[in-house]
$ cat entry.csv   # CSV, C-alpha atoms and all ligand atoms
chain,number,residue,atom,x,y,z
A,826,MET,CA,40.4,12.6,45.3
A,827,LYS,CA,42.3,14.2,48.3
A,828,PRO,CA,40.7,17.0,50.3
A,829,VAL,CA,41.9,20.5,49.7
A,830,TYR,CA,42.9,22.4,52.8
A,831,PHE,CA,43.1,26.2,52.7
A,832,ALA,CA,46.4,27.0,54.6
A,833,PRO,CA,46.4,29.3,57.6
A,834,LEU,CA,47.5,32.8,56.4
A,835,GLU,CA,48.1,35.5,58.9
A,836,GLY,CA,46.8,38.8,57.7
A,837,ILE,CA,44.8,37.2,54.8
A,838,GLY,CA,42.7,34.2,55.7
A,839,ASN,CA,40.5,35.8,58.4
A,840,HIS,CA,36.8,35.1,58.7
A,841,ILE,CA,36.0,38.1,56.4
A,842,TYR,CA,38.1,36.6,53.7
A,843,ARG,CA,36.9,33.1,54.3
A,844,GLY,CA,33.2,34.1,54.2
A,845,VAL,CA,33.5,36.1,51.0
A,846,PHE,CA,35.7,33.3,49.4
A,847,ALA,CA,33.1,30.7,50.3
A,848,ARG,CA,30.3,32.7,48.8
A,849,HIS,CA,32.1,33.0,45.4
A,850,TYR,CA,34.2,29.9,45.1
A,851,SER,CA,34.1,26.2,46.1
A,852,GLY,CA,36.3,23.2,46.2
A,853,VAL,CA,38.0,23.8,49.6
A,854,ASP,CA,37.2,21.1,52.1
A,855,ARG,CA,38.7,22.7,55.1
A,856,PHE,CA,40.0,26.1,56.2
A,857,TYR,CA,42.6,26.8,58.9
A,858,THR,CA,42.5,30.1,60.9
A,859,PRO,CA,45.6,32.2,60.9
A,860,PHE,CA,47.5,31.5,64.1
A,861,ILE,CA,45.9,32.5,67.3
A,862,ASP,CA,48.5,33.8,69.7
A,863,ILE,CA,47.6,32.4,73.2
A,864,ASN,CA,48.4,34.4,76.3
A,865,SER,CA,50.1,32.7,79.3
A,866,ASP,CA,46.7,32.4,81.0
A,867,GLY,CA,45.1,30.8,77.9
A,868,GLY,CA,43.3,33.9,76.8
A,869,MET,CA,43.3,35.4,73.3
A,870,LYS,CA,42.6,38.7,71.6
A,871,ASN,CA,39.0,39.7,70.8
A,872,ARG,CA,40.0,39.7,67.2
A,873,SER,CA,40.9,36.0,67.4
A,874,LYS,CA,37.8,35.2,69.4
A,875,ASN,CA,35.7,36.9,66.7
A,876,ASP,CA,37.6,35.0,64.0
A,877,ILE,CA,36.5,31.6,65.3
A,878,LEU,CA,32.9,32.5,66.4
A,879,PRO,CA,30.7,29.8,64.7
A,880,GLU,CA,28.3,32.5,63.4
A,881,ASN,CA,31.3,34.1,61.6
A,882,ASN,CA,32.1,30.8,59.9
A,883,GLU,CA,28.8,29.3,58.9
A,884,GLY,CA,28.9,26.7,56.2
A,885,ILE,CA,32.6,26.1,56.3
A,886,CYS,CA,34.8,23.5,58.0
A,887,LEU,CA,37.2,25.4,60.2
A,888,ILE,CA,40.2,24.3,62.3
A,889,PRO,CA,41.5,26.9,64.7
A,890,GLN,CA,45.3,27.1,64.8
A,891,VAL,CA,47.1,28.2,67.9
A,892,LEU,CA,50.6,29.5,68.6
A,893,THR,CA,51.9,28.7,72.0
A,894,LYS,CA,54.7,26.8,73.7
A,895,ASN,CA,52.8,26.8,77.0
A,896,ALA,CA,50.9,23.6,77.5
A,897,ASP,CA,48.8,24.9,80.4
A,898,ALA,CA,47.8,27.9,78.4
A,899,LEU,CA,46.9,25.6,75.5
A,900,GLY,CA,44.7,23.6,77.9
A,901,GLU,CA,42.8,26.7,79.0
A,902,ALA,CA,42.4,27.9,75.4
A,903,SER,CA,41.3,24.4,74.3
A,904,ARG,CA,38.4,24.6,76.9
A,905,TYR,CA,37.2,27.8,75.3
A,906,ILE,CA,37.7,26.6,71.7
A,907,ALA,CA,35.9,23.2,72.5
A,908,GLY,CA,33.1,25.2,74.1
A,909,LEU,CA,32.5,26.8,70.7
A,910,GLY,CA,32.0,23.3,69.2
A,911,TYR,CA,35.5,22.7,67.7
A,912,THR,CA,36.9,19.2,68.1
A,913,GLU,CA,40.4,19.8,66.8
A,914,ILE,CA,43.1,22.4,67.4
A,915,ASN,CA,46.1,22.7,65.1
A,916,LEU,CA,49.5,23.6,66.7
A,917,ASN,CA,51.7,26.0,64.9
A,918,MET,CA,55.2,24.6,64.7
A,919,GLY,CA,56.1,26.3,61.5
A,920,CYS,CA,56.0,30.1,61.7
A,921,PRO,CA,59.5,31.3,60.7
A,922,SER,CA,59.1,34.9,61.8
A,923,ALA,CA,61.9,36.0,64.1
A,924,THR,CA,59.5,37.8,66.5
A,925,VAL,CA,57.8,34.4,67.0
A,926,THR,CA,60.8,32.1,66.9
A,927,LYS,CA,63.0,34.1,69.3
A,928,LYS,CA,60.3,33.4,71.9
A,929,GLY,CA,60.6,29.6,71.2
A,930,LYS,CA,57.3,29.5,69.4
A,931,GLY,CA,56.3,28.5,65.9
A,932,SER,CA,59.2,26.8,64.2
A,933,GLY,CA,61.2,27.8,67.2
A,934,MET,CA,59.6,24.8,68.9
A,935,LEU,CA,61.6,22.5,66.7
A,936,ALA,CA,64.9,23.7,68.0
A,937,ASP,CA,64.9,21.6,71.2
A,938,THR,CA,63.4,18.2,71.1
A,939,ASP,CA,63.4,17.7,74.9
A,940,SER,CA,61.2,20.9,75.4
A,941,LEU,CA,59.0,19.8,72.5
A,942,ASP,CA,58.6,16.4,74.2
A,943,ARG,CA,57.7,18.0,77.5
A,944,PHE,CA,55.2,20.3,75.8
A,945,LEU,CA,53.5,17.6,73.9
A,946,GLU,CA,53.3,15.3,76.9
A,947,LYS,CA,51.5,17.9,78.9
A,948,ALA,CA,49.5,19.2,75.9
A,949,PHE,CA,48.0,15.8,75.3
A,950,THR,CA,47.1,15.5,79.0
A,951,VAL,CA,45.3,18.9,79.3
A,952,SER,CA,43.8,19.5,75.9
A,953,CYS,CA,40.0,19.2,75.5
A,954,THR,CA,40.3,18.6,71.8
A,955,LYS,CA,42.2,16.5,69.3
A,956,LEU,CA,45.6,18.0,68.5
A,957,SER,CA,47.2,18.2,65.0
A,958,VAL,CA,50.5,19.8,64.2
A,959,LYS,CA,51.7,21.9,61.3
A,960,MET,CA,55.4,21.8,61.1
A,961,ARG,CA,58.5,22.5,59.0
A,962,ILE,CA,61.2,19.8,58.6
A,963,GLY,CA,63.6,21.5,61.0
A,964,ILE,CA,65.4,24.7,61.7
A,965,SER,CA,68.5,24.8,59.5
A,966,ASN,CA,69.7,21.2,59.1
A,967,GLU,CA,68.4,18.5,56.8
A,968,THR,CA,68.9,15.8,59.5
A,969,GLU,CA,66.8,17.4,62.2
A,970,TRP,CA,63.6,15.7,61.0
A,971,GLU,CA,64.7,12.4,62.5
A,972,GLY,CA,64.8,13.6,66.1
A,973,LEU,CA,61.6,15.5,65.6
A,974,MET,CA,59.8,12.5,64.2
A,975,GLU,CA,61.0,10.4,67.1
A,976,VAL,CA,59.3,12.8,69.5
A,977,LEU,CA,56.2,13.4,67.4
A,978,ASN,CA,55.6,9.7,67.0
A,979,ARG,CA,55.2,9.3,70.7
A,980,TYR,CA,51.9,11.2,70.6
A,981,PRO,CA,48.5,10.6,69.1
A,982,LEU,CA,48.5,13.6,66.7
A,983,SER,CA,45.2,13.6,64.8
A,984,GLU,CA,47.2,14.8,61.7
A,985,LEU,CA,50.7,16.0,60.8
A,986,ILE,CA,50.8,18.7,58.2
A,987,VAL,CA,54.2,19.2,56.7
A,988,HIS,CA,55.5,22.2,54.9
A,989,PRO,CA,58.8,20.7,53.7
A,990,ARG,CA,61.1,23.6,54.1
A,991,LEU,CA,63.5,24.5,56.9
A,992,MET,CA,62.8,27.5,59.1
A,993,THR,CA,65.8,29.3,57.6
A,994,GLN,CA,64.2,29.0,54.2
A,995,VAL,CA,61.2,31.0,55.3
A,996,TYR,CA,58.8,30.6,52.3
A,997,GLU,CA,61.4,30.5,49.5
A,998,GLY,CA,63.8,28.0,47.9
A,999,SER,CA,63.2,24.4,46.9
A,1000,ILE,CA,61.1,22.2,49.1
A,1001,HIS,CA,62.8,19.1,50.5
A,1002,GLU,CA,60.6,16.5,48.9
A,1003,ASP,CA,63.2,13.7,49.7
A,1004,ILE,CA,62.8,14.5,53.4
A,1005,PHE,CA,59.1,14.8,53.2
A,1006,ARG,CA,59.0,11.3,51.8
A,1007,LYS,CA,60.9,10.0,54.8
A,1008,ILE,CA,58.5,11.8,57.2
A,1009,TYR,CA,55.6,10.4,55.2
A,1010,GLU,CA,56.9,6.9,55.5
A,1011,VAL,CA,57.8,7.0,59.3
A,1012,SER,CA,55.0,9.1,60.6
A,1013,LYS,CA,52.5,7.3,62.9
A,1014,ALA,CA,50.1,10.2,62.5
A,1015,PRO,CA,48.1,10.7,59.2
A,1016,VAL,CA,50.1,13.1,57.0
A,1017,CYS,CA,49.0,16.1,55.0
A,1018,LEU,CA,51.5,17.8,52.6
A,1019,ASN,CA,51.8,21.5,52.1
A,1020,PRO,CA,54.3,21.8,49.2
A,1021,GLY,CA,53.5,25.1,47.4
A,1022,ILE,CA,50.8,24.0,45.0
A,1023,ARG,CA,50.2,26.5,42.2
A,1024,SER,CA,48.2,24.5,39.7
A,1025,ALA,CA,45.9,21.5,39.2
A,1026,ASP,CA,48.9,19.8,37.7
A,1027,ASP,CA,50.9,20.2,40.9
A,1028,PHE,CA,48.0,18.9,43.0
A,1029,LEU,CA,47.6,15.8,40.9
A,1030,ARG,CA,51.4,15.1,40.9
A,1031,PHE,CA,51.6,15.2,44.7
A,1032,GLU,CA,48.3,13.3,45.1
A,1033,ARG,CA,49.6,10.5,42.9
A,1034,SER,CA,53.1,10.4,44.5
A,1035,TYR,CA,51.7,10.1,48.0
A,1036,PRO,CA,48.5,8.0,48.0
A,1037,GLY,CA,48.3,7.8,51.8
A,1038,LEU,CA,48.0,11.6,52.3
A,1039,THR,CA,45.0,12.8,54.3
A,1040,GLY,CA,44.9,15.9,52.1
A,1041,LEU,CA,46.9,18.6,50.4
A,1042,MET,CA,47.2,22.1,51.9
A,1043,ILE,CA,47.4,25.1,49.6
A,1044,GLY,CA,48.1,28.7,50.7
A,1045,ARG,CA,49.4,31.3,48.3
A,1046,GLY,CA,48.3,29.4,45.2
A,1047,LEU,CA,44.7,29.6,46.4
A,1048,VAL,CA,44.9,33.3,47.1
A,1049,ALA,CA,46.5,34.0,43.8
A,1050,ASN,CA,43.8,32.0,42.0
A,1051,PRO,CA,40.7,31.6,44.1
A,1052,ALA,CA,39.3,29.1,41.5
A,1053,LEU,CA,42.2,26.8,42.0
A,1054,ALA,CA,40.4,24.2,44.2
A,1055,GLU,CA,37.6,24.2,41.6
A,1056,GLU,CA,40.1,23.7,38.8
A,1057,ILE,CA,41.5,20.7,40.7
A,1058,ARG,CA,38.1,19.2,41.2
A,1059,SER,CA,37.1,19.9,37.6
A,1060,VAL,CA,40.2,18.3,36.1
A,1061,GLN,CA,39.6,15.3,38.4
A,1062,GLY,CA,35.8,15.3,37.9
A,1063,ILE,CA,35.9,15.3,34.1
A,1064,LEU,CA,37.4,11.9,34.0
A,1065,PRO,CA,37.3,10.7,37.6
A,1066,SER,CA,39.6,7.8,38.4
A,1067,GLY,CA,38.1,4.3,38.4
A,1068,THR,CA,34.9,5.1,36.5
A,1069,VAL,CA,36.0,3.7,33.1
A,1070,THR,CA,35.7,0.0,33.1
A,1071,SER,CA,34.4,-1.1,29.7
A,1072,SER,CA,37.0,-2.6,27.4
A,1073,ASP,CA,35.4,-0.6,24.5
A,1074,CYS,CA,36.7,2.6,26.1
A,1075,VAL,CA,40.4,2.2,25.5
A,1076,GLY,CA,40.7,5.7,24.1
A,1077,VAL,CA,38.9,7.2,27.1
A,1078,ARG,CA,40.9,5.1,29.5
A,1079,GLU,CA,44.1,6.3,27.9
A,1080,GLN,CA,42.9,9.8,28.1
A,1081,SER,CA,41.9,9.2,31.7
A,1082,ARG,CA,45.4,8.0,32.5
A,1083,LEU,CA,46.7,11.2,30.9
A,1084,PHE,CA,44.4,13.4,33.0
A,1085,GLN,CA,45.5,11.5,36.1
A,1086,GLY,CA,49.1,11.9,35.2
A,1087,ILE,CA,49.8,8.2,35.0
A,1088,SER,CA,52.1,6.8,32.2
A,1089,SER,CA,51.4,3.5,30.7
A,1090,SER,CA,54.1,2.0,32.9
A,1091,GLY,CA,52.2,3.3,35.9
A,1092,THR,CA,54.7,5.9,37.0
A,1093,VAL,CA,54.1,9.6,37.1
A,1094,THR,CA,56.2,11.7,34.7
A,1095,SER,CA,55.8,15.3,33.8
A,1096,SER,CA,55.4,14.6,30.1
A,1097,ASP,CA,52.4,12.4,30.9
A,1098,CYS,CA,50.6,15.3,32.4
A,1099,VAL,CA,50.1,17.2,29.2
A,1100,GLY,CA,46.3,16.8,29.4
A,1101,VAL,CA,46.2,18.2,32.9
A,1102,ARG,CA,48.5,21.0,32.0
A,1103,GLU,CA,46.4,22.0,29.0
A,1104,GLN,CA,43.2,22.0,31.1
A,1105,SER,CA,44.9,24.0,33.8
A,1106,ARG,CA,46.2,26.5,31.3
A,1107,ASP,CA,42.7,26.9,29.9
A,1108,PHE,CA,41.4,27.8,33.4
A,1109,ARG,CA,44.3,30.2,33.8
A,1110,ASN,CA,43.6,31.9,30.5
A,1111,GLN,CA,40.0,32.4,31.6
A,1112,LEU,CA,41.2,34.1,34.8
A,1113,THR,CA,43.6,36.3,33.0
A,1114,GLY,CA,41.0,37.7,30.8
A,1115,ASN,CA,40.1,35.7,27.7
A,1116,VAL,CA,36.7,34.6,29.0
A,1117,PRO,CA,34.6,37.5,30.4
A,1118,PRO,CA,32.4,35.4,32.8
A,1119,VAL,CA,35.5,34.2,34.8
A,1120,ARG,CA,36.9,37.7,35.0
A,1121,LYS,CA,33.4,38.9,36.0
A,1122,ARG,CA,33.3,36.3,38.7
A,1123,PHE,CA,36.7,37.4,40.1
A,1124,ARG,CA,35.5,41.0,40.0
A,1125,ALA,CA,32.4,40.1,42.0
A,1126,PHE,CA,34.5,38.3,44.5
A,1127,HIS,CA,36.9,41.3,44.7
A,1128,ASP,CA,34.1,43.8,45.1
A,1129,ASP,CA,32.4,41.8,47.8
A,1130,LEU,CA,35.7,41.5,49.7
A,1131,LEU,CA,36.3,45.3,49.4
A,1132,GLU,CA,32.8,46.0,50.7
A,1133,ALA,CA,33.2,43.5,53.5
A,1134,TYR,CA,36.4,45.1,54.6
A,1135,ARG,CA,34.9,48.6,54.3
A,1136,GLY,CA,32.1,47.3,56.7
A,1137,VAL,CA,34.5,46.2,59.4
A,1138,LEU,CA,37.7,48.2,59.2
A,1139,PHE,CA,37.9,51.7,60.5
A,1140,GLY,CA,38.9,54.2,57.8
A,1141,GLU,CA,40.0,53.8,54.3
A,1142,THR,CA,43.7,53.3,55.0
A,1143,PRO,CA,43.4,49.8,56.5
A,1144,VAL,CA,41.0,48.8,53.8
A,1145,LEU,CA,43.4,49.9,51.1
A,1146,HIS,CA,46.2,48.1,52.9
A,1147,LYS,CA,44.3,44.8,52.9
A,1148,MET,CA,43.4,45.0,49.3
A,1149,LYS,CA,46.8,46.1,48.1
A,1150,GLU,CA,48.4,43.2,50.1
A,1151,LEU,CA,46.1,40.8,48.2
A,1152,TRP,CA,47.2,42.2,44.9
A,1153,ASP,CA,50.7,41.0,45.6
A,1154,PHE,CA,49.2,37.5,45.2
A,1155,TRP,CA,46.5,38.3,42.5
A,1156,GLU,CA,49.1,39.8,40.2
A,1157,LEU,CA,50.7,36.4,39.9
A,1158,GLU,CA,47.6,35.4,37.9
A,1159,ILE,CA,46.5,38.8,36.6
A,1160,PRO,CA,49.6,40.5,35.4
A,1161,LEU,CA,49.5,44.3,35.9
A,1162,GLU,CA,50.9,46.7,33.3
A,1163,PRO,CA,53.6,48.8,35.1
A,1164,LYS,CA,51.4,51.9,34.7
A,1165,LEU,CA,48.4,50.3,36.5
A,1166,LYS,CA,50.7,48.7,39.1
A,1167,LYS,CA,52.0,52.1,40.0
A,1168,ALA,CA,48.5,53.6,40.1
A,1169,LEU,CA,47.4,50.8,42.3
A,1170,SER,CA,50.2,51.3,44.8
A,1171,LYS,CA,49.6,55.1,44.8
A,1172,ALA,CA,45.9,54.9,45.3
A,1173,SER,CA,45.2,56.8,48.5
A,1174,SER,CA,41.5,56.5,48.7
A,1175,VAL,CA,38.9,53.8,48.0
A,1176,SER,CA,37.5,55.7,45.1
A,1177,GLU,CA,41.0,56.1,43.5
A,1178,TYR,CA,41.5,52.4,44.1
A,1179,GLN,CA,38.2,51.5,42.5
A,1180,THR,CA,39.1,53.6,39.4
A,1181,VAL,CA,42.3,51.6,39.0
A,1182,ILE,CA,40.4,48.3,39.5
A,1183,ARG,CA,37.9,49.2,36.8
A,1184,GLN,CA,40.9,49.6,34.4
A,1185,ILE,CA,42.4,46.3,35.5
A,1186,LEU,CA,39.3,44.1,35.7
A,1187,SER,CA,37.0,45.3,33.0
B,1,LIG,C1,51.4,35.9,54.4
B,1,LIG,C2,51.5,34.5,55.0
B,1,LIG,C3,50.9,34.3,56.3
B,1,LIG,C4,51.1,33.0,56.9
B,1,LIG,N1,50.5,32.7,58.1
B,1,LIG,C5,50.5,31.5,58.6
B,1,LIG,C6,49.9,31.2,59.9
B,1,LIG,O1,49.2,32.0,60.5
B,1,LIG,N2,50.0,29.9,60.4
B,1,LIG,C7,50.8,28.9,59.7
B,1,LIG,O2,50.9,27.8,60.1
B,1,LIG,N3,51.4,29.2,58.5
B,1,LIG,C8,51.2,30.4,58.0
B,1,LIG,N4,51.8,30.7,56.8
B,1,LIG,C9,52.4,29.6,56.0
B,1,LIG,C10,51.4,28.9,55.1
B,1,LIG,O3,50.3,28.4,55.8
B,1,LIG,C11,52.0,27.9,54.2
B,1,LIG,O4,52.5,26.9,55.0
B,1,LIG,C12,53.1,28.4,53.3
B,1,LIG,O5,52.6,29.6,52.7
B,1,LIG,C13,53.5,27.4,52.2
B,1,LIG,O6,52.4,27.0,51.5
B,1,LIG,P1,52.0,27.7,50.0
B,1,LIG,O7,53.2,27.7,49.2
B,1,LIG,O8,50.9,26.8,49.5
B,1,LIG,O9,51.5,29.1,50.4
B,1,LIG,C14,51.7,31.9,56.2
B,1,LIG,C15,52.3,32.2,54.9
B,1,LIG,C16,52.2,33.5,54.4
B,1,LIG,C17,52.8,33.7,53.0

$ encode --input "entry.csv" --output "structure tokens" --more "lines below"
Ligand SMILES: Cc1cc2nc3c(=O)[nH]c(=O)nc-3n(C[C@H](O)[C@H](O)[C@H](O)COP(=O)(O)O)c2cc1C
Amino acid sequence: MKPVYFAPLEGIGNHIYRGVFARHYSGVDRFYTPFIDINSDGGMKNRSKNDILPENNEGICLIPQVLTKNADALGEASRYIAGLGYTEINLNMGCPSATVTKKGKGSGMLADTDSLDRFLEKAFTVSCTKLSVKMRIGISNETEWEGLMEVLNRYPLSELIVHPRLMTQVYEGSIHEDIFRKIYEVSKAPVCLNPGIRSADDFLRFERSYPGLTGLMIGRGLVANPALAEEIRSVQGILPSGTVTSSDCVGVREQSRLFQGISSSGTVTSSDCVGVREQSRDFRNQLTGNVPPVRKRFRAFHDDLLEAYRGVLFGETPVLHKMKELWDFWELEIPLEPKLKKALSKASSVSEYQTVIRQILS
């Protein structure tokens, strides 16, 4: 059972969100902060400092992620971060936003392997913590990964998290699983995959395909369905692998193989995953409205999050902005009638917003 990592999500996965999420849902083994943009002297904004304060992250496992191409600045920042008790920093080598990449940061760091090499050499000398990397497979070309892996393999990364898309793909288009497999095979660092998981089915398929993974990272799928990590655990927990040994239990064993997505020949095929798919669909139906307790639970999460943002943001406009941004994800799981969608987007006060929410979620 691979650990579930909650992906870093700028604008979404801050400590307010993490705290409310962890009060209402479980199953996530590790959270990553949205990127912390490090100044040239190693300093960071108060907002980022606040985000990683241990008292704002009680009871969760958190890895701070930094965005910098300056190894000295990283060294300074690592002193501060280690002082708070963290033992690992994740380096962002994946952000595809032009404002970041044009400064040679984020996935811009993948453009020049010599600079990357110099950065890592210094970074590993000055950092007070372990360093892991979250990367894409290259900028625009499907052969770039080889040169990148040659450089990355020279350093003792604590983990290599791969989002198998090119920078130019941003967050859309097919993932390059073929290239991921090659990276998985050659990487000297332990590898985590961040492939765009949307269901327990997806999780099990990747887990089975790459048994050596340290974990699987999920971003948008976990925002859209905050119970996804629990669904993954439940599907695995109902018939956990390796627990059925008696020869009397052939039926159960067969079922267990189905839940695990293993065909009788031992290979994973999509038609073998019917059991998992059915389970997953059941959970989904619950979220989209057939079973009131699940909807109630989501409503409680939603309302807590709204209150938490009202408590820290100044004025109603930023609160509405945060909540409406989340609906871009939630509506993937809770389809909105056009009339309600329009009302949601037009809501200009928290009370108007709450009126629409009552119609959507009750
Ligand atoms: C709104 C948004 C913000 C993101 N912020 C970050 C970030 O701060 N750091 C980072 O490494 N990746 C960031 N990502 C990328 C995600 O961590 C993840 O790699 C990507 O969404 C693919 O995984 P998913 O399909 O499971 O969401 C962001 C993605 C989105 C959509």

$ closest_atom_pairs --input "entry.csv" --of "stretch 849-967 of chain A" --to "stretch 989-1013 of chain A" --cutoff "10 Å" --atoms "all atoms listed in the file" --output "tab-separated table"
residue	atom	partner	partner_atom	distance
A:Met918	CA	A:Met992	CA	9.9
A:Gly919	CA	A:Met992	CA	7.2
A:Cys920	CA	A:Met992	CA	7.7
A:Pro921	CA	A:Met992	CA	5.3
A:Ser922	CA	A:Val995	CA	7.9
A:Ala923	CA	A:Met992	CA	9.9
A:Thr926	CA	A:Met992	CA	9.3
A:Gly931	CA	A:Met992	CA	9.5
A:Ser932	CA	A:Met992	CA	6.3
A:Gly933	CA	A:Met992	CA	8.3
A:Leu935	CA	A:Met992	CA	9.2
A:Ala936	CA	A:Met992	CA	9.9
A:Met960	CA	A:Pro989	CA	8.2
A:Arg961	CA	A:Pro989	CA	5.6
A:Ile962	CA	A:Leu991	CA	5.5
A:Gly963	CA	A:Leu991	CA	5.1
A:Ile964	CA	A:Met992	CA	4.6
A:Ser965	CA	A:Thr993	CA	5.6
A:Asn966	CA	A:Leu991	CA	7.4
A:Glu967	CA	A:Ile1004	CA	7.7

$ residues_around --input "entry.csv" --residues "stretch 1140-1150 of chain A" --least-positions-apart "4" --cutoff "8 Å" --atoms "only C-alpha atoms" --output "list in words"
Ile837, Leu1131, Tyr1134, Arg1135, Phe1154, Leu1169, Ser1170, Ser1173, Ser1174, Val1175 and Tyr1178 of chain A

$ closest_atom_pairs --input "entry.csv" --of "chain A" --to "ligand LIG 1 (chain B)" --cutoff "7 Å" --atoms "all atoms listed in the file" --output "Markdown table"
| residue | atom | partner | partner_atom | distance |
| --- | --- | --- | --- | --- |
| A:Ala832 | CA | B:LIG1 | O3 | 4.3 |
| A:Pro833 | CA | B:LIG1 | O3 | 4.4 |
| A:Leu834 | CA | B:LIG1 | N1 | 3.4 |
| A:Glu835 | CA | B:LIG1 | N1 | 3.8 |
| A:Gly836 | CA | B:LIG1 | C3 | 6.2 |
| A:Ile837 | CA | B:LIG1 | C1 | 6.7 |
| A:Thr858 | CA | B:LIG1 | O1 | 7.0 |
| A:Pro859 | CA | B:LIG1 | O1 | 3.6 |
| A:Phe860 | CA | B:LIG1 | O1 | 4.0 |
| A:Asn917 | CA | B:LIG1 | O2 | 5.2 |
| A:Gly919 | CA | B:LIG1 | O2 | 5.6 |
| A:Cys920 | CA | B:LIG1 | N3 | 5.7 |
| A:Lys959 | CA | B:LIG1 | O2 | 6.1 |
| A:His988 | CA | B:LIG1 | O4 | 5.6 |
| A:Tyr996 | CA | B:LIG1 | C12 | 6.2 |
| A:Asn1019 | CA | B:LIG1 | O6 | 5.6 |
| A:Pro1020 | CA | B:LIG1 | O6 | 6.0 |
| A:Gly1021 | CA | B:LIG1 | O7 | 3.2 |
| A:Ile1022 | CA | B:LIG1 | O8 | 5.3 |
| A:Met1042 | CA | B:LIG1 | O8 | 6.4 |
| A:Ile1043 | CA | B:LIG1 | O8 | 3.9 |
| A:Gly1044 | CA | B:LIG1 | O9 | 3.4 |
| A:Arg1045 | CA | B:LIG1 | O9 | 3.7 |
| A:Gly1046 | CA | B:LIG1 | O8 | 5.7 |

$ closest_atom_pairs --input "entry.csv" --of "stretch 918-1019 of chain A" --to "stretch 874-889 of chain A" --cutoff "12 Å" --atoms "all atoms listed in the file" --output "tab-separated table"
residue	atom	partner	partner_atom	distance
A:Thr954	CA	A:Pro889	CA	11.0
A:Lys955	CA	A:Ile888	CA	10.7
A:Leu956	CA	A:Ile888	CA	10.4
A:Ser957	CA	A:Ile888	CA	9.7
A:Val958	CA	A:Ile888	CA	11.4
A:Lys959	CA	A:Ile888	CA	11.8
A:Glu984	CA	A:Ile888	CA	11.8

$ closest_atom_pairs --input "entry.csv" --of "stretch 1120-1160 of chain A" --to "stretch 1180-1185 of chain A" --cutoff "10 Å" --atoms "all atoms listed in the file" --output "JSON lines"
{"residue": "A:Arg1124", "atom": "CA", "partner": "A:Ile1182", "partner_atom": "CA", "distance": 8.8}
{"residue": "A:His1127", "atom": "CA", "partner": "A:Ile1182", "partner_atom": "CA", "distance": 9.4}
{"residue": "A:Asp1128", "atom": "CA", "partner": "A:Ile1182", "partner_atom": "CA", "distance": 9.6}
{"residue": "A:Ile1159", "atom": "CA", "partner": "A:Ile1185", "partner_atom": "CA", "distance": 8.6}
{"residue": "A:Pro1160", "atom": "CA", "partner": "A:Ile1185", "partner_atom": "CA", "distance": 9.2}

$ closest_residue --input "entry.csv" --among "A:Ala896, A:Ala1025, A:Leu1041, A:Cys1017" --to "A:Phe831" --atoms "only C-alpha atoms"
A:Leu1041

$ atom_distance --input "entry.csv" --atom1 "atom CA of A:Leu1018" --atom2 "atom CA of A:Leu1038"
7.1 Å

$ residues_around --input "entry.csv" --residues "A:Asp866" --least-positions-apart "3" --cutoff "9 Å" --atoms "only C-alpha atoms" --output "ChimeraX atom specification"
/A:863,869,897-899,901-902

$ axis_aligned_box --input "entry.csv" --around "stretch 1148-1163 of chain A" --padding-each-side "3 Å" --output "AutoDock Vina command-line options"
--center_x 48.5 --center_y 42.1 --center_z 41.7 --size_x 16.2 --size_y 19.4 --size_z 22.8

$ atom_distance --input "entry.csv" --atom1 "atom CA of A:Ile841" --atom2 "atom CA of A:Gly1136"
10.0 Å

$ residues_around --input "entry.csv" --residues "A:Glu1032" --least-positions-apart "6" --cutoff "10 Å" --atoms "all atoms listed in the file" --output "MDAnalysis selection string"
chainID A and resid 826:828 1018 1026 1038:1041 1085

$ closest_atom_pairs --input "entry.csv" --of "stretch 847-911 of chain A" --to "stretch 1048-1057 of chain A" --cutoff "7 Å" --atoms "all atoms listed in the file" --output "tab-separated table"
residue	atom	partner	partner_atom	distance
A:Tyr850	CA	A:Ala1052	CA	6.3
A:Ser851	CA	A:Glu1055	CA	6.0
A:Gly852	CA	A:Ala1054	CA	4.7
A:Val853	CA	A:Ala1054	CA	5.9

$ atom_distance --input "entry.csv" --atom1 "atom CA of A:Tyr842" --atom2 "atom CA of A:Leu1130"
6.8 Å

$ closest_residue --input "entry.csv" --among "A:Met934, A:Ala1014, A:Tyr905, A:Tyr857" --to "A:Gly838" --atoms "all atoms listed in the file"
A:Tyr857

$ decode --input "entry.csv" --residues "stretch 1128-1140 of chain A" --atoms "C-alpha atoms" --output "PDB file, in the first residue's frame"
ATOM      1  CA  ASP A1128     -18.526  25.263   5.626  1.00  0.00           C
ATOM      2  CA  ASP A1129     -15.475  24.928   7.863  1.00  0.00           C
ATOM      3  CA  LEU A1130     -13.217  26.004   5.035  1.00  0.00           C
ATOM      4  CA  LEU A1131     -15.416  29.010   4.312  1.00  0.00           C
ATOM      5  CA  GLU A1132     -15.353  30.016   7.983  1.00  0.00           C
ATOM      6  CA  ALA A1133     -11.594  29.482   8.197  1.00  0.00           C
ATOM      7  CA  TYR A1134     -11.016  31.774   5.202  1.00  0.00           C
ATOM      8  CA  ARG A1135     -13.424  34.346   6.608  1.00  0.00           C
ATOM      9  CA  GLY A1136     -11.314  34.309   9.759  1.00  0.00           C
ATOM     10  CA  VAL A1137      -8.022  35.091   8.020  1.00  0.00           C
ATOM     11  CA  LEU A1138      -8.786  36.961   4.794  1.00  0.00           C
ATOM     12  CA  PHE A1139      -9.605  40.633   4.808  1.00  0.00           C
ATOM     13  CA  GLY A1140     -13.024  41.331   3.297  1.00  0.00           C
TER      14      GLY A1140
END
